[in-house]
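Chemist: Contents of final_36.pdb (PDB, C-alpha atoms and all ligand atoms) are below:
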ATOM      1  CA  MET I   1     169.608 168.515 127.971  1.00  0.00           C
ATOM      2  CA  ASP I   2     172.042 170.910 126.371  1.00  0.00           C
ATOM      3  CA  GLY I   3     174.731 172.141 128.622  1.00  0.00           C
ATOM      4  CA  VAL I   4     175.165 169.169 130.916  1.00  0.00           C
ATOM      5  CA  VAL I   5     178.897 168.934 131.434  1.00  0.00           C
ATOM      6  CA  LYS I   6     180.681 165.639 132.003  1.00  0.00           C
ATOM      7  CA  ARG I   7     182.856 165.730 135.116  1.00  0.00           C
ATOM      8  CA  ASP I   8     184.561 162.839 136.936  1.00  0.00           C
ATOM      9  CA  LYS I   9     184.643 159.147 136.220  1.00  0.00           C
ATOM     10  CA  LEU I  10     182.768 157.676 139.195  1.00  0.00           C
ATOM     11  CA  TYR I  11     182.768 154.014 138.351  1.00  0.00           C
ATOM     12  CA  GLU I  12     183.908 151.682 135.594  1.00  0.00           C
ATOM     13  CA  GLY I  13     182.046 148.398 135.240  1.00  0.00           C
ATOM     14  CA  LYS I  14     182.424 145.573 132.740  1.00  0.00           C
ATOM     15  CA  ALA I  15     180.121 147.124 130.141  1.00  0.00           C
ATOM     16  CA  LYS I  16     179.650 150.735 131.197  1.00  0.00           C
ATOM     17  CA  ILE I  17     181.455 153.771 132.605  1.00  0.00           C
ATOM     18  CA  VAL I  18     179.576 156.198 134.832  1.00  0.00           C
ATOM     19  CA  TYR I  19     180.497 159.899 135.012  1.00  0.00           C
ATOM     20  CA  SER I  20     179.257 162.663 137.266  1.00  0.00           C
ATOM     21  CA  THR I  21     178.007 165.882 135.685  1.00  0.00           C
ATOM     22  CA  ASP I  22     177.710 169.490 136.792  1.00  0.00           C
ATOM     23  CA  ASP I  23     174.155 168.601 137.902  1.00  0.00           C
ATOM     24  CA  PRO I  24     174.302 166.554 141.137  1.00  0.00           C
ATOM     25  CA  ASP I  25     171.093 164.706 140.145  1.00  0.00           C
ATOM     26  CA  LEU I  26     172.336 163.535 136.755  1.00  0.00           C
ATOM     27  CA  LEU I  27     174.930 161.062 135.518  1.00  0.00           C
ATOM     28  CA  ILE I  28     176.363 160.275 132.109  1.00  0.00           C
ATOM     29  CA  ILE I  29     176.568 156.570 131.331  1.00  0.00           C
ATOM     30  CA  HIS I  30     178.962 155.478 128.593  1.00  0.00           C
ATOM     31  CA  PHE I  31     178.193 152.100 126.996  1.00  0.00           C
ATOM     32  CA  LYS I  32     181.340 150.152 126.071  1.00  0.00           C
ATOM     33  CA  ASP I  33     181.977 147.757 123.180  1.00  0.00           C
ATOM     34  CA  ALA I  34     183.785 145.512 125.681  1.00  0.00           C
ATOM     35  CA  ALA I  35     181.977 142.306 126.566  1.00  0.00           C
ATOM     36  CA  THR I  36     182.582 139.873 129.387  1.00  0.00           C
ATOM     37  CA  ALA I  37     180.907 136.685 130.511  1.00  0.00           C
ATOM     38  CA  PHE I  38     181.085 134.275 133.433  1.00  0.00           C
ATOM     39  CA  ASN I  39     181.838 137.061 135.907  1.00  0.00           C
ATOM     40  CA  GLY I  40     184.586 138.516 133.756  1.00  0.00           C
ATOM     41  CA  LYS I  41     186.447 135.249 133.065  1.00  0.00           C
ATOM     42  CA  LYS I  42     185.708 135.495 129.349  1.00  0.00           C
ATOM     43  CA  LYS I  43     186.658 138.791 127.736  1.00  0.00           C
ATOM     44  CA  GLY I  44     186.078 140.218 124.296  1.00  0.00           C
ATOM     45  CA  SER I  45     184.691 143.070 122.328  1.00  0.00           C
ATOM     46  CA  ILE I  46     181.616 143.382 120.149  1.00  0.00           C
ATOM     47  CA  PRO I  47     182.175 146.141 117.543  1.00  0.00           C
ATOM     48  CA  GLY I  48     179.439 148.765 117.736  1.00  0.00           C
ATOM     49  CA  LYS I  49     177.878 147.256 120.870  1.00  0.00           C
ATOM     50  CA  GLY I  50     178.156 150.449 122.945  1.00  0.00           C
ATOM     51  CA  ALA I  51     176.129 152.538 120.523  1.00  0.00           C
ATOM     52  CA  MET I  52     173.632 149.744 119.828  1.00  0.00           C
ATOM     53  CA  ASN I  53     173.062 149.067 123.541  1.00  0.00           C
ATOM     54  CA  ALA I  54     172.668 152.758 124.359  1.00  0.00           C
ATOM     55  CA  GLU I  55     169.958 153.093 121.707  1.00  0.00           C
ATOM     56  CA  ILE I  56     168.238 149.769 122.499  1.00  0.00           C
ATOM     57  CA  SER I  57     168.153 150.693 126.192  1.00  0.00           C
ATOM     58  CA  ALA I  58     166.782 154.146 125.409  1.00  0.00           C
ATOM     59  CA  ILE I  59     163.992 152.609 123.310  1.00  0.00           C
ATOM     60  CA  PHE I  60     163.045 150.113 126.047  1.00  0.00           C
ATOM     61  CA  PHE I  61     163.185 152.728 128.811  1.00  0.00           C
ATOM     62  CA  GLY I  62     160.908 154.942 126.700  1.00  0.00           C
ATOM     63  CA  VAL I  63     158.407 152.113 126.202  1.00  0.00           C
ATOM     64  CA  LEU I  64     158.467 151.247 129.915  1.00  0.00           C
ATOM     65  CA  GLN I  65     158.143 154.867 130.993  1.00  0.00           C
ATOM     66  CA  ARG I  66     155.107 155.363 128.750  1.00  0.00           C
ATOM     67  CA  SER I  67     153.567 152.329 130.491  1.00  0.00           C
ATOM     68  CA  GLY I  68     153.981 153.905 133.908  1.00  0.00           C
ATOM     69  CA  ILE I  69     157.262 152.319 134.984  1.00  0.00           C
ATOM     70  CA  PRO I  70     159.611 155.004 136.328  1.00  0.00           C
ATOM     71  CA  THR I  71     163.173 154.746 134.965  1.00  0.00           C
ATOM     72  CA  HIS I  72     166.449 156.621 135.329  1.00  0.00           C
ATOM     73  CA  PHE I  73     166.533 157.417 131.605  1.00  0.00           C
ATOM     74  CA  GLU I  74     166.672 161.087 130.630  1.00  0.00           C
ATOM     75  CA  ALA I  75     168.131 161.295 127.110  1.00  0.00           C
ATOM     76  CA  LEU I  76     170.563 159.787 124.639  1.00  0.00           C
ATOM     77  CA  LEU I  77     173.723 161.870 124.267  1.00  0.00           C
ATOM     78  CA  GLY I  78     175.625 161.155 121.098  1.00  0.00           C
ATOM     79  CA  ALA I  79     176.019 157.583 119.947  1.00  0.00           C
ATOM     80  CA  ASP I  80     177.004 155.632 123.027  1.00  0.00           C
ATOM     81  CA  GLU I  81     176.121 157.780 126.016  1.00  0.00           C
ATOM     82  CA  MET I  82     172.997 158.297 128.046  1.00  0.00           C
ATOM     83  CA  LEU I  83     171.962 160.949 130.516  1.00  0.00           C
ATOM     84  CA  ALA I  84     170.359 159.333 133.554  1.00  0.00           C
ATOM     85  CA  LYS I  85     169.098 160.230 136.989  1.00  0.00           C
ATOM     86  CA  ARG I  86     171.583 159.578 139.744  1.00  0.00           C
ATOM     87  CA  VAL I  87     170.245 156.776 141.946  1.00  0.00           C
ATOM     88  CA  GLY I  88     171.573 154.572 144.716  1.00  0.00           C
ATOM     89  CA  ILE I  89     171.592 151.113 143.189  1.00  0.00           C
ATOM     90  CA  VAL I  90     169.818 148.461 145.292  1.00  0.00           C
ATOM     91  CA  PRO I  91     172.406 145.639 145.479  1.00  0.00           C
ATOM     92  CA  VAL I  92     169.874 143.029 144.372  1.00  0.00           C
ATOM     93  CA  GLU I  93     169.799 141.892 140.731  1.00  0.00           C
ATOM     94  CA  VAL I  94     166.335 140.841 139.665  1.00  0.00           C
ATOM     95  CA  VAL I  95     165.909 138.130 137.031  1.00  0.00           C
ATOM     96  CA  VAL I  96     162.537 137.424 135.419  1.00  0.00           C
ATOM     97  CA  ARG I  97     162.121 134.259 133.332  1.00  0.00           C
ATOM     98  CA  ASN I  98     159.387 133.210 130.924  1.00  0.00           C
ATOM     99  CA  VAL I  99     161.146 130.239 129.321  1.00  0.00           C
ATOM    100  CA  VAL I 100     163.766 127.859 130.745  1.00  0.00           C
ATOM    101  CA  ALA I 101     167.320 128.821 129.684  1.00  0.00           C
ATOM    102  CA  GLY I 102     170.815 129.388 131.049  1.00  0.00           C
ATOM    103  CA  SER I 103     171.343 128.763 134.745  1.00  0.00           C
ATOM    104  CA  LEU I 104     167.709 127.699 135.285  1.00  0.00           C
ATOM    105  CA  ALA I 105     168.097 124.896 132.724  1.00  0.00           C
ATOM    106  CA  LYS I 106     171.074 123.635 134.768  1.00  0.00           C
ATOM    107  CA  ARG I 107     169.423 124.117 138.164  1.00  0.00           C
ATOM    108  CA  LEU I 108     166.193 122.301 137.266  1.00  0.00           C
ATOM    109  CA  GLY I 109     167.675 119.810 134.765  1.00  0.00           C
ATOM    110  CA  LEU I 110     165.217 120.947 132.097  1.00  0.00           C
ATOM    111  CA  PRO I 111     165.989 121.517 128.409  1.00  0.00           C
ATOM    112  CA  GLU I 112     166.379 125.115 127.251  1.00  0.00           C
ATOM    113  CA  GLY I 113     163.174 126.278 125.601  1.00  0.00           C
ATOM    114  CA  THR I 114     160.812 124.539 128.059  1.00  0.00           C
ATOM    115  CA  ALA I 115     157.825 126.819 128.651  1.00  0.00           C
ATOM    116  CA  LEU I 116     157.206 127.991 132.217  1.00  0.00           C
ATOM    117  CA  GLY I 117     153.619 127.930 133.529  1.00  0.00           C
ATOM    118  CA  ARG I 118     154.100 131.410 134.985  1.00  0.00           C
ATOM    119  CA  PRO I 119     156.967 133.892 135.184  1.00  0.00           C
ATOM    120  CA  VAL I 120     159.766 133.009 137.607  1.00  0.00           C
ATOM    121  CA  LEU I 121     161.351 135.749 139.709  1.00  0.00           C
ATOM    122  CA  GLU I 122     164.870 135.342 141.125  1.00  0.00           C
ATOM    123  CA  PHE I 123     167.134 137.587 143.187  1.00  0.00           C
ATOM    124  CA  TYR I 124     170.941 137.700 143.132  1.00  0.00           C
ATOM    125  CA  TYR I 125     173.251 139.586 145.482  1.00  0.00           C
ATOM    126  CA  LYS I 126     175.076 142.156 143.318  1.00  0.00           C
ATOM    127  CA  ASN I 127     178.646 141.398 144.378  1.00  0.00           C
ATOM    128  CA  ASP I 128     181.324 140.643 141.756  1.00  0.00           C
ATOM    129  CA  GLU I 129     183.765 139.198 144.301  1.00  0.00           C
ATOM    130  CA  LEU I 130     181.210 136.572 145.270  1.00  0.00           C
ATOM    131  CA  GLY I 131     180.067 136.026 141.673  1.00  0.00           C
ATOM    132  CA  ASP I 132     176.541 137.401 142.274  1.00  0.00           C
ATOM    133  CA  PRO I 133     175.121 134.483 144.330  1.00  0.00           C
ATOM    134  CA  MET I 134     171.414 133.703 144.226  1.00  0.00           C
ATOM    135  CA  ILE I 135     169.558 134.845 147.346  1.00  0.00           C
ATOM    136  CA  ASN I 136     165.967 135.009 148.567  1.00  0.00           C
ATOM    137  CA  GLU I 137     163.973 137.620 150.459  1.00  0.00           C
ATOM    138  CA  TYR I 138     165.020 136.188 153.830  1.00  0.00           C
ATOM    139  CA  HIS I 139     168.661 136.940 152.996  1.00  0.00           C
ATOM    140  CA  ILE I 140     167.740 140.390 151.701  1.00  0.00           C
ATOM    141  CA  TYR I 141     165.930 141.429 154.916  1.00  0.00           C
ATOM    142  CA  ALA I 142     168.277 139.657 157.339  1.00  0.00           C
ATOM    143  CA  VAL I 143     171.336 141.370 155.865  1.00  0.00           C
ATOM    144  CA  GLY I 144     169.533 144.655 155.125  1.00  0.00           C
ATOM    145  CA  LEU I 145     170.077 144.795 151.358  1.00  0.00           C
ATOM    146  CA  ALA I 146     166.596 146.299 150.907  1.00  0.00           C
ATOM    147  CA  THR I 147     163.407 146.744 152.920  1.00  0.00           C
ATOM    148  CA  GLU I 148     160.195 144.735 152.536  1.00  0.00           C
ATOM    149  CA  ARG I 149     158.515 147.838 151.121  1.00  0.00           C
ATOM    150  CA  GLU I 150     161.267 148.281 148.554  1.00  0.00           C
ATOM    151  CA  MET I 151     161.147 144.609 147.546  1.00  0.00           C
ATOM    152  CA  SER I 152     157.399 144.673 147.132  1.00  0.00           C
ATOM    153  CA  GLU I 153     157.723 147.671 144.794  1.00  0.00           C
ATOM    154  CA  ILE I 154     160.662 146.061 142.966  1.00  0.00           C
ATOM    155  CA  THR I 155     158.648 142.863 142.478  1.00  0.00           C
ATOM    156  CA  ARG I 156     155.619 144.765 141.183  1.00  0.00           C
ATOM    157  CA  LEU I 157     157.736 146.803 138.759  1.00  0.00           C
ATOM    158  CA  ALA I 158     159.739 143.765 137.533  1.00  0.00           C
ATOM    159  CA  MET I 159     156.539 141.827 136.749  1.00  0.00           C
ATOM    160  CA  LYS I 160     155.057 144.859 134.979  1.00  0.00           C
ATOM    161  CA  CYS I 161     158.277 145.220 132.934  1.00  0.00           C
ATOM    162  CA  ASP I 162     157.876 141.595 131.861  1.00  0.00           C
ATOM    163  CA  GLU I 163     154.304 142.221 130.658  1.00  0.00           C
ATOM    164  CA  VAL I 164     155.115 145.471 128.882  1.00  0.00           C
ATOM    165  CA  LEU I 165     158.296 144.208 127.207  1.00  0.00           C
ATOM    166  CA  ARG I 166     156.659 140.958 126.061  1.00  0.00           C
ATOM    167  CA  GLU I 167     153.784 142.868 124.536  1.00  0.00           C
ATOM    168  CA  PHE I 168     156.187 145.275 122.787  1.00  0.00           C
ATOM    169  CA  LEU I 169     158.451 142.491 121.482  1.00  0.00           C
ATOM    170  CA  GLU I 170     155.827 140.015 120.286  1.00  0.00           C
ATOM    171  CA  PRO I 171     154.806 141.906 117.115  1.00  0.00           C
ATOM    172  CA  ARG I 172     158.525 142.368 116.442  1.00  0.00           C
ATOM    173  CA  ASP I 173     158.890 138.575 116.415  1.00  0.00           C
ATOM    174  CA  ILE I 174     161.104 138.510 119.489  1.00  0.00           C
ATOM    175  CA  GLU I 175     160.450 136.092 122.348  1.00  0.00           C
ATOM    176  CA  LEU I 176     161.480 137.487 125.743  1.00  0.00           C
ATOM    177  CA  VAL I 177     163.032 134.401 127.331  1.00  0.00           C
ATOM    178  CA  ASP I 178     164.462 136.072 130.452  1.00  0.00           C
ATOM    179  CA  PHE I 179     166.127 139.278 131.591  1.00  0.00           C
ATOM    180  CA  LYS I 180     167.960 140.951 134.470  1.00  0.00           C
ATOM    181  CA  LEU I 181     166.980 144.293 135.989  1.00  0.00           C
ATOM    182  CA  GLU I 182     168.557 146.608 138.526  1.00  0.00           C
ATOM    183  CA  PHE I 183     166.615 149.180 140.506  1.00  0.00           C
ATOM    184  CA  GLY I 184     167.709 152.376 142.217  1.00  0.00           C
ATOM    185  CA  ARG I 185     166.611 154.519 145.117  1.00  0.00           C
ATOM    186  CA  TYR I 186     165.621 157.986 143.934  1.00  0.00           C
ATOM    187  CA  GLY I 187     164.260 160.219 146.666  1.00  0.00           C
ATOM    188  CA  ASP I 188     161.545 158.165 148.322  1.00  0.00           C
ATOM    189  CA  SER I 189     160.870 156.016 145.303  1.00  0.00           C
ATOM    190  CA  ILE I 190     162.249 153.011 143.492  1.00  0.00           C
ATOM    191  CA  ILE I 191     162.965 153.441 139.797  1.00  0.00           C
ATOM    192  CA  LEU I 192     164.337 151.138 137.090  1.00  0.00           C
ATOM    193  CA  ALA I 193     168.043 151.773 136.447  1.00  0.00           C
ATOM    194  CA  ASP I 194     171.041 150.179 134.669  1.00  0.00           C
ATOM    195  CA  GLU I 195     170.233 148.931 131.142  1.00  0.00           C
ATOM    196  CA  VAL I 196     167.862 146.739 129.167  1.00  0.00           C
ATOM    197  CA  THR I 197     169.852 145.303 126.259  1.00  0.00           C
ATOM    198  CA  PRO I 198     170.878 142.045 124.562  1.00  0.00           C
ATOM    199  CA  ASP I 199     173.664 141.939 127.213  1.00  0.00           C
ATOM    200  CA  THR I 200     171.078 141.591 129.979  1.00  0.00           C
ATOM    201  CA  CYS I 201     168.153 139.864 128.255  1.00  0.00           C
ATOM    202  CA  ARG I 202     167.687 136.639 126.323  1.00  0.00           C
ATOM    203  CA  PHE I 203     165.911 137.367 123.058  1.00  0.00           C
ATOM    204  CA  TRP I 204     164.961 134.537 120.691  1.00  0.00           C
ATOM    205  CA  ASP I 205     163.506 134.916 117.221  1.00  0.00           C
ATOM    206  CA  ARG I 206     159.866 133.891 117.685  1.00  0.00           C
ATOM    207  CA  ASN I 207     159.787 131.802 114.502  1.00  0.00           C
ATOM    208  CA  THR I 208     163.217 130.153 114.384  1.00  0.00           C
ATOM    209  CA  ARG I 209     164.083 130.446 118.099  1.00  0.00           C
ATOM    210  CA  GLU I 210     167.517 131.617 117.019  1.00  0.00           C
ATOM    211  CA  LYS I 211     169.410 133.434 119.778  1.00  0.00           C
ATOM    212  CA  MET I 212     169.666 137.213 119.324  1.00  0.00           C
ATOM    213  CA  ASP I 213     171.570 138.163 122.480  1.00  0.00           C
ATOM    214  CA  LYS I 214     174.809 137.835 124.449  1.00  0.00           C
ATOM    215  CA  ASP I 215     174.518 134.034 124.557  1.00  0.00           C
ATOM    216  CA  ARG I 216     176.022 134.197 121.032  1.00  0.00           C
ATOM    217  CA  PHE I 217     179.162 135.651 122.663  1.00  0.00           C
ATOM    218  CA  ARG I 218     179.022 133.503 125.839  1.00  0.00           C
ATOM    219  CA  ARG I 219     178.740 130.298 123.784  1.00  0.00           C
ATOM    220  CA  ASP I 220     180.914 131.278 120.776  1.00  0.00           C
ATOM    221  CA  LEU I 221     178.015 130.958 118.342  1.00  0.00           C
ATOM    222  CA  GLY I 222     179.260 133.709 115.995  1.00  0.00           C
ATOM    223  CA  GLY I 223     177.144 136.470 114.456  1.00  0.00           C
ATOM    224  CA  VAL I 224     177.098 138.449 117.717  1.00  0.00           C
ATOM    225  CA  GLU I 225     177.237 141.929 116.191  1.00  0.00           C
ATOM    226  CA  GLU I 226     174.663 140.969 113.543  1.00  0.00           C
ATOM    227  CA  ALA I 227     172.273 139.715 116.239  1.00  0.00           C
ATOM    228  CA  TYR I 228     172.490 142.970 118.220  1.00  0.00           C
ATOM    229  CA  ARG I 229     172.030 144.938 114.970  1.00  0.00           C
ATOM    230  CA  GLU I 230     168.891 142.895 114.169  1.00  0.00           C
ATOM    231  CA  VAL I 231     167.425 143.493 117.658  1.00  0.00           C
ATOM    232  CA  LEU I 232     168.035 147.227 117.184  1.00  0.00           C
ATOM    233  CA  ARG I 233     166.398 147.140 113.729  1.00  0.00           C
ATOM    234  CA  ARG I 234     163.308 145.408 115.088  1.00  0.00           C
ATOM    235  CA  VAL I 235     162.857 147.586 118.187  1.00  0.00           C
ATOM    236  CA  ARG I 236     163.337 150.776 116.150  1.00  0.00           C
ATOM    237  CA  SER I 237     160.336 149.876 113.984  1.00  0.00           C
TER
HETATM  238  P1  LIG Q   1     171.272 133.137 133.793  1.00  0.00           P
HETATM  239  O1  LIG Q   1     170.389 132.138 133.108  1.00  0.00           O
HETATM  240  O2  LIG Q   1     172.714 133.013 133.450  1.00  0.00           O
HETATM  241  O3  LIG Q   1     171.041 133.137 135.292  1.00  0.00           O
HETATM  242  O4  LIG Q   1     170.833 134.584 133.288  1.00  0.00           O
HETATM  243  C1  LIG Q   1     169.516 135.061 133.425  1.00  0.00           C
HETATM  244  C2  LIG Q   1     169.369 136.411 132.706  1.00  0.00           C
HETATM  245  O5  LIG Q   1     170.132 137.395 133.362  1.00  0.00           O
HETATM  246  C3  LIG Q   1     169.832 136.403 131.252  1.00  0.00           C
HETATM  247  O6  LIG Q   1     168.890 137.172 130.499  1.00  0.00           O
HETATM  248  C4  LIG Q   1     171.168 137.098 131.274  1.00  0.00           C
HETATM  249  C5  LIG Q   1     171.074 138.005 132.473  1.00  0.00           C
HETATM  250  N1  LIG Q   1     172.331 138.134 133.189  1.00  0.00           N
HETATM  251  C6  LIG Q   1     172.918 139.394 133.318  1.00  0.00           C
HETATM  252  O7  LIG Q   1     172.409 140.386 132.823  1.00  0.00           O
HETATM  253  N2  LIG Q   1     174.080 139.481 134.021  1.00  0.00           N
HETATM  254  C7  LIG Q   1     174.686 138.410 134.597  1.00  0.00           C
HETATM  255  O8  LIG Q   1     175.723 138.571 135.232  1.00  0.00           O
HETATM  256  C8  LIG Q   1     174.054 137.118 134.454  1.00  0.00           C
HETATM  257  C9  LIG Q   1     174.682 135.891 135.056  1.00  0.00           C
HETATM  258  C10 LIG Q   1     172.888 137.040 133.738  1.00  0.00           C
END
Spit out the file's structure as structure tokens when you get a sec.
Modeler:
Amino acid sequence: MDGVVKRDKLYEGKAKIVYSTDDPDLLIIHFKDAATAFNGKKKGSIPGKGAMNAEISAIFFGVLQRSGIPTHFEALLGADEMLAKRVGIVPVEVVVRNVVAGSLAKRLGLPEGTALGRPVLEFYYKNDELGDPMINEYHIYAVGLATEREMSEITRLAMKCDEVLREFLEPRDIELVDFKLEFGRYGDSIILADEVTPDTCRFWDRNTREKMDKDRFRRDLGGVEEAYREVLRRVRS
């Protein structure tokens, strides 16, 4: 990957900055220490988060890729940057849940930690102005956010990610409570894009059920940086 030259800033999001490169098929993604929650209403910074999330994401993308899930990941570049394939992001955020937490606890009036009989799949319209509202496949097809073929591939890949990540995390004593994925169009195929990190997943310690993810920041629980560091330590091993 030597010789890829960073060019223009294409997009700055809440947690990442995306740059073009001299190769039209490749992007550089910079992971920021900045953290937001509740659609940007809460703002802060988690020291070292950018580098930790870049490495955690790289490890997960590697695991997923080796299990046959195509991803945009190409290489880590330095501490907090990643080289990735340039995709067109499908504007549908995909959430997979194994245990009741967060917005599902509120929606169903169930305590956090309640086991789910099978994984739950949810879709959200990726639109910051609207606060990423929940949608279903009828909305997606009626408005043309994605095709039925794309959604069937996205669903298959999201469920496979759940299986692969759970199996990888279990011996590392991490319970995969839920997570959010974004997919991209790459040529004729759909590939996993964005990131897989404690910003976008709920990770609980399997023994103590202690939170090891961004909920520590969202809910002012303290020990945010330490939790990310511990996730990194466990997934490195
Ligand atoms: P939720 O319970 O708040 O709906 O979140 C479900 C999962 O999605 C959780 O692992 C956190 C992740 N998530 C994001 O990555 N970005 C978001 O904007 C939201 C609301 C949740």
Chemist: Neighbours of ligand LIG 1 (chain Q) at 7 Å or closer, counting all atoms listed in the file: which residues, as a ChimeraX atom specification?
Modeler: /I:38-39,95,101-104,178-180,199-202
Chemist: Could you list, with a cut-off of 12 Å and counting only C-alpha atoms, the residues of region 90-187 of chain I near region 62-76 of chain I, each shown with its nearest atom pair and the distance in Å rounded to one decimal, rows sorted by chain and ascending number, as a tab-separated table?
Modeler:
residue	atom	partner	partner_atom	distance
I:Glu153	CA	I:Ile69	CA	10.9
I:Ile154	CA	I:Ile69	CA	10.7
I:Arg156	CA	I:Ile69	CA	9.9
I:Leu157	CA	I:Ile69	CA	6.7
I:Ala158	CA	I:Ile69	CA	9.3
I:Met159	CA	I:Ile69	CA	10.7
I:Lys160	CA	I:Ile69	CA	7.8
I:Cys161	CA	I:Leu64	CA	6.7
I:Asp162	CA	I:Leu64	CA	9.9
I:Glu163	CA	I:Leu64	CA	10.0
I:Val164	CA	I:Leu64	CA	6.8
I:Leu165	CA	I:Leu64	CA	7.5
I:Arg166	CA	I:Leu64	CA	11.1
I:Glu167	CA	I:Val63	CA	10.5
I:Phe168	CA	I:Val63	CA	8.0
I:Leu169	CA	I:Val63	CA	10.7
I:Leu181	CA	I:Thr71	CA	11.2
I:Glu182	CA	I:Thr71	CA	10.4
I:Phe183	CA	I:Thr71	CA	8.6
I:Gly184	CA	I:His72	CA	8.2
I:Arg185	CA	I:His72	CA	10.0
I:Tyr186	CA	I:His72	CA	8.8
Chemist: Set the distance at 10 Å and use only C-alpha atoms: which residues neighbour region 140-150 of chain I once local chain neighbours fewer than 4 positions away are removed? I'd like the list as JSON, numbers by chain.
Modeler: {"I": [90, 91, 92, 123, 124, 125, 126, 135, 136, 154, 155, 156, 183, 184, 185, 188, 189, 190]}
Chemist: One number please: CA of Gly131 (chain I) to CA of Gly13 (chain I), in Å, one decimal.
Modeler: 14.1 Å
Chemist: Quick check, in Å to one decimal: how far apart do CA of Leu110 (chain I) and CA of Ala35 (chain I) lie?
Modeler: 27.7 Å
Chemist: Considering only C-alpha atoms, state which residue in the set I:Ile29, I:Val196, I:Val87, I:Val231 is at the smallest distance from Ile17 (chain I).
Modeler: I:Ile29
Chemist: Determine, counting all atoms listed in the file, which protein, DNA and RNA residues have an atom within 12 Å of an atom of Arg234 (chain I); residues of the same chain fewer than 2 positions away are not included. Present the result as a tab-separated table (two decimals) with C-alpha atoms, in the coordinates of the input.
Modeler:
chain	number	residue	atom	x	y	z
I	56	ILE	CA	168.24	149.77	122.50
I	59	ILE	CA	163.99	152.61	123.31
I	60	PHE	CA	163.04	150.11	126.05
I	168	PHE	CA	156.19	145.28	122.79
I	169	LEU	CA	158.45	142.49	121.48
I	170	GLU	CA	155.83	140.01	120.29
I	171	PRO	CA	154.81	141.91	117.12
I	172	ARG	CA	158.52	142.37	116.44
I	173	ASP	CA	158.89	138.57	116.42
I	174	ILE	CA	161.10	138.51	119.49
I	203	PHE	CA	165.91	137.37	123.06
I	205	ASP	CA	163.51	134.92	117.22
I	212	MET	CA	169.67	137.21	119.32
I	227	ALA	CA	172.27	139.72	116.24
I	228	TYR	CA	172.49	142.97	118.22
I	229	ARG	CA	172.03	144.94	114.97
I	230	GLU	CA	168.89	142.90	114.17
I	231	VAL	CA	167.42	143.49	117.66
I	232	LEU	CA	168.04	147.23	117.18
I	236	ARG	CA	163.34	150.78	116.15
I	237	SER	CA	160.34	149.88	113.98
